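For reference, the structure discussed in these notes is given below.
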Amino acid sequence: MAKQRHPAFTCQECGAVYNRWKGKCEACGGWNTIVEETGSASPMAGPAATRPSRAKGRIFPLEGLQGETKEAPRTPSGIAELDRVTGGGFVHGSIILLGGDPGIGKSTLLMQASAALAMRGERVAYISGEEAVAQVRLRAERLGLGQAPVELASETNVEDIIATLSQGRPPALAIIDSIQTMWTETVESAPGTVTQVRGSAQALIRFAKTTGTAVILVGHVTKDGQIAGPRVVEHMVDAVVSFEGDTGHHFRIMRAVKNRFGPTDEIGVFEMSDQGLREVPNPSELFLAGRDMATAGTAVFAGMEGTRPLLVEIQALVAPSSLGTPRRAVVGWDQSRLSMVLAVLEAHGGLKLGMHDVYLNVAGGLRITEPAADLAAAAALVSSLSGNPLPPDTVYFGEMGLSGAIRPVAQEQARLKEAAKLGFSSAVSPQPRLDKAKGSKSERLPLATSAIGHITDLVAGIAARRRKAS
Ligand code: TYD
Ligand code: MG
């Protein structure tokens with residue numbers, strides 16, 4: 001195999017290749033992320049690069065859409081929250097990239113999953129490129145999993161790993177912790193560089209596809225761009241799962257960002273304890289724990305994460321600003337969504353927020369992406385500005401348009417049911433759709449709803465509470 005020897009400059013963030021050094025990557029805009037990498041310079045160095053050239057192609061049979069297909073065979077992990085995210089377990093021969101900040105609990109979770117599978121008689125290999133075997137063993141012991149027959153190794157060479165795992169019965173699951181520490185002999189650049197990460201991942205993907213072993217690649221996501229972002233392998237793997245949460249909180253949320261074999265909108269919720277990650281089957285209770293009901297500026301949002309309803313508290317603080325340009329900060333929600341809600345509240349709700357700092361926070365470290373949170377955010381903001389606490393037994397949901405109209409959202413019943421289950425007695429929600437309203441007399445809502453059609457109704461409703469209180 002003739003190796004290309006000319007230098008290539010690869011962006012360590014996004015994998016873009018240049019033929020000379022640049023200070024700024026034109027593809028992703030990152031500064032000082034371009035590093036010289038010699039060796040396999042082609043960005044797609046893989047099987048194609050190693051294959052001898054042939055004048056004529058081999059003819060392969062083409063198949064039709066009809067034909068025999070079976071549901072992809074899966075191995076459930078035994079951890080319900082994890083299986084919910086993957087869509088029912090690890091598909092044989094599939095590759096999952098598990099990404100997350102360092103220290104979030106990836107190794108802990110994967111050790112728990114490995115042990116659970118191994119206890120059921122499956123062959124499971126846990127390859128750590130970061131920790132020594134003794135360290136991994138110690139953690140397993142601390143988790144009470146010391147007896148599980150997981151095969152452990154501390155190894156970073158991909159060829160050696162594949163050769164070892166190929167002996168005997170192929171493992172049902174192999175964990176590679178982490179892909180950034182792996183290196184393959186087919187690529188000459190240093191471990192951790194984009195080319196190495198990509199080359200190692202490619203070799204492991206080939207291993208998974210040929211043996212039917214489900215492989216999980218751990219990828220640290222670093223913000224400073226020092227280590228090659230595992231981003232570059234996202235398109236090659238079957239599923240990308242992110243493990244989030246901030247280290248200041250105990251909750252960890254697992255989310256599928258991409259999934260070729262299942263849904264991408266389900267979340268798994270875990271709690272980090274001294275015995276590892278504990279599943280949280282009813283996350284709403286957790287996210288609402290420790291709620292301060294008497295203060296102004298908090299609203300409970302009845303949200304949906306996939307098929308699962310999830311109640312969370314949205315907190316707002318609106319305070320007079322001492323700055324020329326008031327501050328707007330948001331944690332757990334979209335900054336531009338907040339700007340929009342503020343603009344609508346000013347334009348159509350009659351609120352004056354131009355001289356106020358605005359802070360919005362989603363309690364518990366959760367990230368909300370649903371537009372249905374608009375109404376709850378608006379309620380929290382109005383409540384904070386006016387100093388009127390919202391009724392503690394009420395949930396809010398609804399999408400807000402730029403005109404101030406409150407639009408219906410999906411899965412109203414599921415949201416209301418969850419709220420009723422957790423002891424809430426009323427909901428402020430959008431007016432039901434017309435077609436539904438006609439025949440919906442029989443459709444019993446699980447709790448009292450006050451349907452509002454416009455943001456002015458919300459503002460008036462909160463102002464009326466003050467008059468009643470005083
Ligand atoms: P780890 O799984 O090593 O994180 P990652 O692999 O994502 O880098 O988790 C490390 C953190 O988890 C560490 O700060 C300690 C904490 N932890 C617990 O709180 N309880 C436990 O039982 C374990 C094993 C770890
Ligand atoms: Mg780790």
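Chain labels follow the order of the structure tokens: the first chain is A, the next B, and so on; residue numbering restarts at 1 in every chain, and ligands are counted from 1 in their shown order.
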Could you build a table of the residues in chain A lying no more than 6 Å from ligand 1, giving for each the nearest pair of atoms and their separation in Å rounded to one decimal place, using only C-alpha atoms and all ligand atoms, ordered by chain and ascending residue number, as a tab-separated table?
```
residue	atom	partner	partner_atom_place_in_ligand_line	distance
A:Pro102	CA	ligand 1	8 (O)	3.9
A:Gly103	CA	ligand 1	8 (O)	3.4
A:Ile104	CA	ligand 1	7 (O)	4.1
A:Gly105	CA	ligand 1	2 (O)	3.2
A:Lys106	CA	ligand 1	7 (O)	3.6
A:Ser107	CA	ligand 1	6 (O)	3.7
A:Thr108	CA	ligand 1	2 (O)	3.6
A:Arg139	CA	ligand 1	24 (C)	5.5
A:Leu143	CA	ligand 1	22 (O)	5.7
A:Met272	CA	ligand 1	19 (O)	5.4
A:Ser273	CA	ligand 1	20 (N)	5.0
A:Asp274	CA	ligand 1	20 (N)	4.0
A:Gln275	CA	ligand 1	22 (O)	4.1
A:Gly276	CA	ligand 1	22 (O)	3.3
```
Which polymer residues have any atom within 8 Å of an atom of Arg407 (chain A), counting only C-alpha atoms, with same-chain residues fewer than 6 positions away left out, as a PDB file with N, CA and C atoms, in the first residue's frame?
```
ATOM      1  N   GLY A 398     -48.146  25.763  25.751  1.00  0.00           N
ATOM      2  CA  GLY A 398     -48.724  26.384  24.567  1.00  0.00           C
ATOM      3  C   GLY A 398     -47.648  27.091  23.776  1.00  0.00           C
ATOM      4  N   GLU A 399     -47.800  27.085  22.469  1.00  0.00           N
ATOM      5  CA  GLU A 399     -46.825  27.767  21.637  1.00  0.00           C
ATOM      6  C   GLU A 399     -47.340  29.171  21.345  1.00  0.00           C
ATOM      7  N   MET A 400     -46.407  30.127  21.295  1.00  0.00           N
ATOM      8  CA  MET A 400     -46.814  31.500  21.091  1.00  0.00           C
ATOM      9  C   MET A 400     -46.406  31.946  19.703  1.00  0.00           C
ATOM     10  N   GLY A 401     -47.336  32.605  19.003  1.00  0.00           N
ATOM     11  CA  GLY A 401     -46.992  33.152  17.689  1.00  0.00           C
ATOM     12  C   GLY A 401     -46.498  34.570  17.833  1.00  0.00           C
ATOM     13  N   PRO A 430     -53.623  26.251  25.432  1.00  0.00           N
ATOM     14  CA  PRO A 430     -54.240  26.863  24.252  1.00  0.00           C
ATOM     15  C   PRO A 430     -55.672  26.399  24.081  1.00  0.00           C
ATOM     16  N   GLN A 431     -56.447  27.195  23.326  1.00  0.00           N
ATOM     17  CA  GLN A 431     -57.792  26.746  23.000  1.00  0.00           C
ATOM     18  C   GLN A 431     -57.690  25.516  22.112  1.00  0.00           C
ATOM     19  N   GLY A 453     -56.469  32.221  24.313  1.00  0.00           N
ATOM     20  CA  GLY A 453     -56.219  32.329  22.882  1.00  0.00           C
ATOM     21  C   GLY A 453     -55.143  33.349  22.561  1.00  0.00           C
TER      22      GLY A 453
END
```
Please identify which residues in region 57-217 of chain A DSSP calls strand (DSSP E or B) from the backbone, and express them as a PyMOL selection string. chain A and resi 74-75+90-91+95-100+124-128+151-154+157+173-177+183+214-217
Students should find that CA of Pro326 (chain A) and CA of Asp246 (chain A) are spaced 26.6 Å
Pick from A:Asp238, A:Asp177, A:Glu63, A:Glu81, whichever lies nearest to ligand 2 using only C-alpha atoms and all ligand atoms: A:Asp177
A:Gly29, A:Gly248, A:Pro7, A:Gly87 ranked by distance to Arg260 (chain A), top pick (using only C-alpha atoms):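 Using only C-alpha atoms, Arg260 (chain A) sits closest to A:Gly87.
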Of A:Asp101, A:Asp334, A:Glu346, A:Glu412, the one nearest to ligand 2 when counting only C-alpha atoms and all ligand atoms is A:Asp101
Let me make sure I understand: among A:Glu130, A:Asp357, A:Glu188, A:Glu418, which one has the smallest atom-to-atom distance to Leu311 (chain A) if we use only C-alpha atoms?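 That would be A:Glu418, the residue with the smallest distance to Leu311 (chain A).
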Could you write out, as a ChimeraX atom specification, all the residues of region 280-353 of chain A that DSSP marks as alpha helix (DSSP H)? /A:283-288,335-349
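Distances to Ala316 (chain A) were evaluated for A:Leu351, A:Val330, A:Leu204, A:Met111 using only C-alpha atoms, and the minimum falls at A:Val330.
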Please compute the CA of Gly245 (chain A)-CA of Val382 (chain A) distance, one decimal, in Å.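 Between CA of Gly245 (chain A) and CA of Val382 (chain A) the gap works out to 28.1 Å.
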List as a PyMOL selection string the protein and nucleic acid residues near Thr394 (chain A), meaning an atom at most 9 Å away when only C-alpha atoms are counted, but skip any in the same chain fewer than 6 places from it. chain A and resi 299-300+419+424-428
One number please: CA of Lys70 (chain A) to CA of Gly306 (chain A), in Å, one decimal.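 CA of Lys70 (chain A) sits 25.3 Å away from CA of Gly306 (chain A).
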Excluding same-chain residues fewer than 5 positions from Ala208 (chain A), what lies within 12 Å of it counting only C-alpha atoms, as a ChimeraX atom specification? /A:90-96,162,165-166,170-176,201-203,213-217,237-238
Taking 5 positions as the minimum chain separation for residues in the same chain, which residues sit within 7 Å of region 378-381 of chain A when counting only C-alpha atoms? Answer as a PDB file with N, CA and C atoms, in the first residue's frame.
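Contents of result-v8.pdb, as written:
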```
ATOM      1  N   GLY A 297     -42.390  34.243  39.732  1.00  0.00           N
ATOM      2  CA  GLY A 297     -41.395  33.976  38.695  1.00  0.00           C
ATOM      3  C   GLY A 297     -41.165  32.518  38.393  1.00  0.00           C
ATOM      4  N   THR A 298     -41.976  31.634  38.960  1.00  0.00           N
ATOM      5  CA  THR A 298     -41.817  30.231  38.583  1.00  0.00           C
ATOM      6  C   THR A 298     -43.126  29.690  38.018  1.00  0.00           C
ATOM      7  N   ALA A 299     -42.991  28.917  36.956  1.00  0.00           N
ATOM      8  CA  ALA A 299     -44.157  28.292  36.341  1.00  0.00           C
ATOM      9  C   ALA A 299     -43.810  26.854  36.024  1.00  0.00           C
ATOM     10  N   ILE A 314     -40.026  26.205  35.281  1.00  0.00           N
ATOM     11  CA  ILE A 314     -39.298  27.259  34.574  1.00  0.00           C
ATOM     12  C   ILE A 314     -39.226  28.471  35.496  1.00  0.00           C
ATOM     13  N   GLN A 315     -38.027  28.963  35.721  1.00  0.00           N
ATOM     14  CA  GLN A 315     -37.838  30.079  36.643  1.00  0.00           C
ATOM     15  C   GLN A 315     -37.404  31.308  35.876  1.00  0.00           C
ATOM     16  N   ALA A 316     -38.004  32.421  36.221  1.00  0.00           N
ATOM     17  CA  ALA A 316     -37.622  33.672  35.572  1.00  0.00           C
ATOM     18  C   ALA A 316     -37.316  34.711  36.631  1.00  0.00           C
ATOM     19  N   LEU A 317     -36.359  35.565  36.311  1.00  0.00           N
ATOM     20  CA  LEU A 317     -36.080  36.702  37.175  1.00  0.00           C
ATOM     21  C   LEU A 317     -35.997  37.930  36.294  1.00  0.00           C
ATOM     22  N   VAL A 318     -36.887  38.873  36.564  1.00  0.00           N
ATOM     23  CA  VAL A 318     -36.895  40.122  35.816  1.00  0.00           C
ATOM     24  C   VAL A 318     -36.587  41.216  36.819  1.00  0.00           C
ATOM     25  N   VAL A 341     -40.119  35.606  22.859  1.00  0.00           N
ATOM     26  CA  VAL A 341     -41.180  35.708  23.869  1.00  0.00           C
ATOM     27  C   VAL A 341     -41.171  37.102  24.493  1.00  0.00           C
TER      28      VAL A 341
END
```
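Each of A:Asp83, A:Glu131, A:Glu266, A:Glu305 was compared to ligand 2 using only C-alpha atoms and all ligand atoms, and A:Glu131 turns out to be the nearest.
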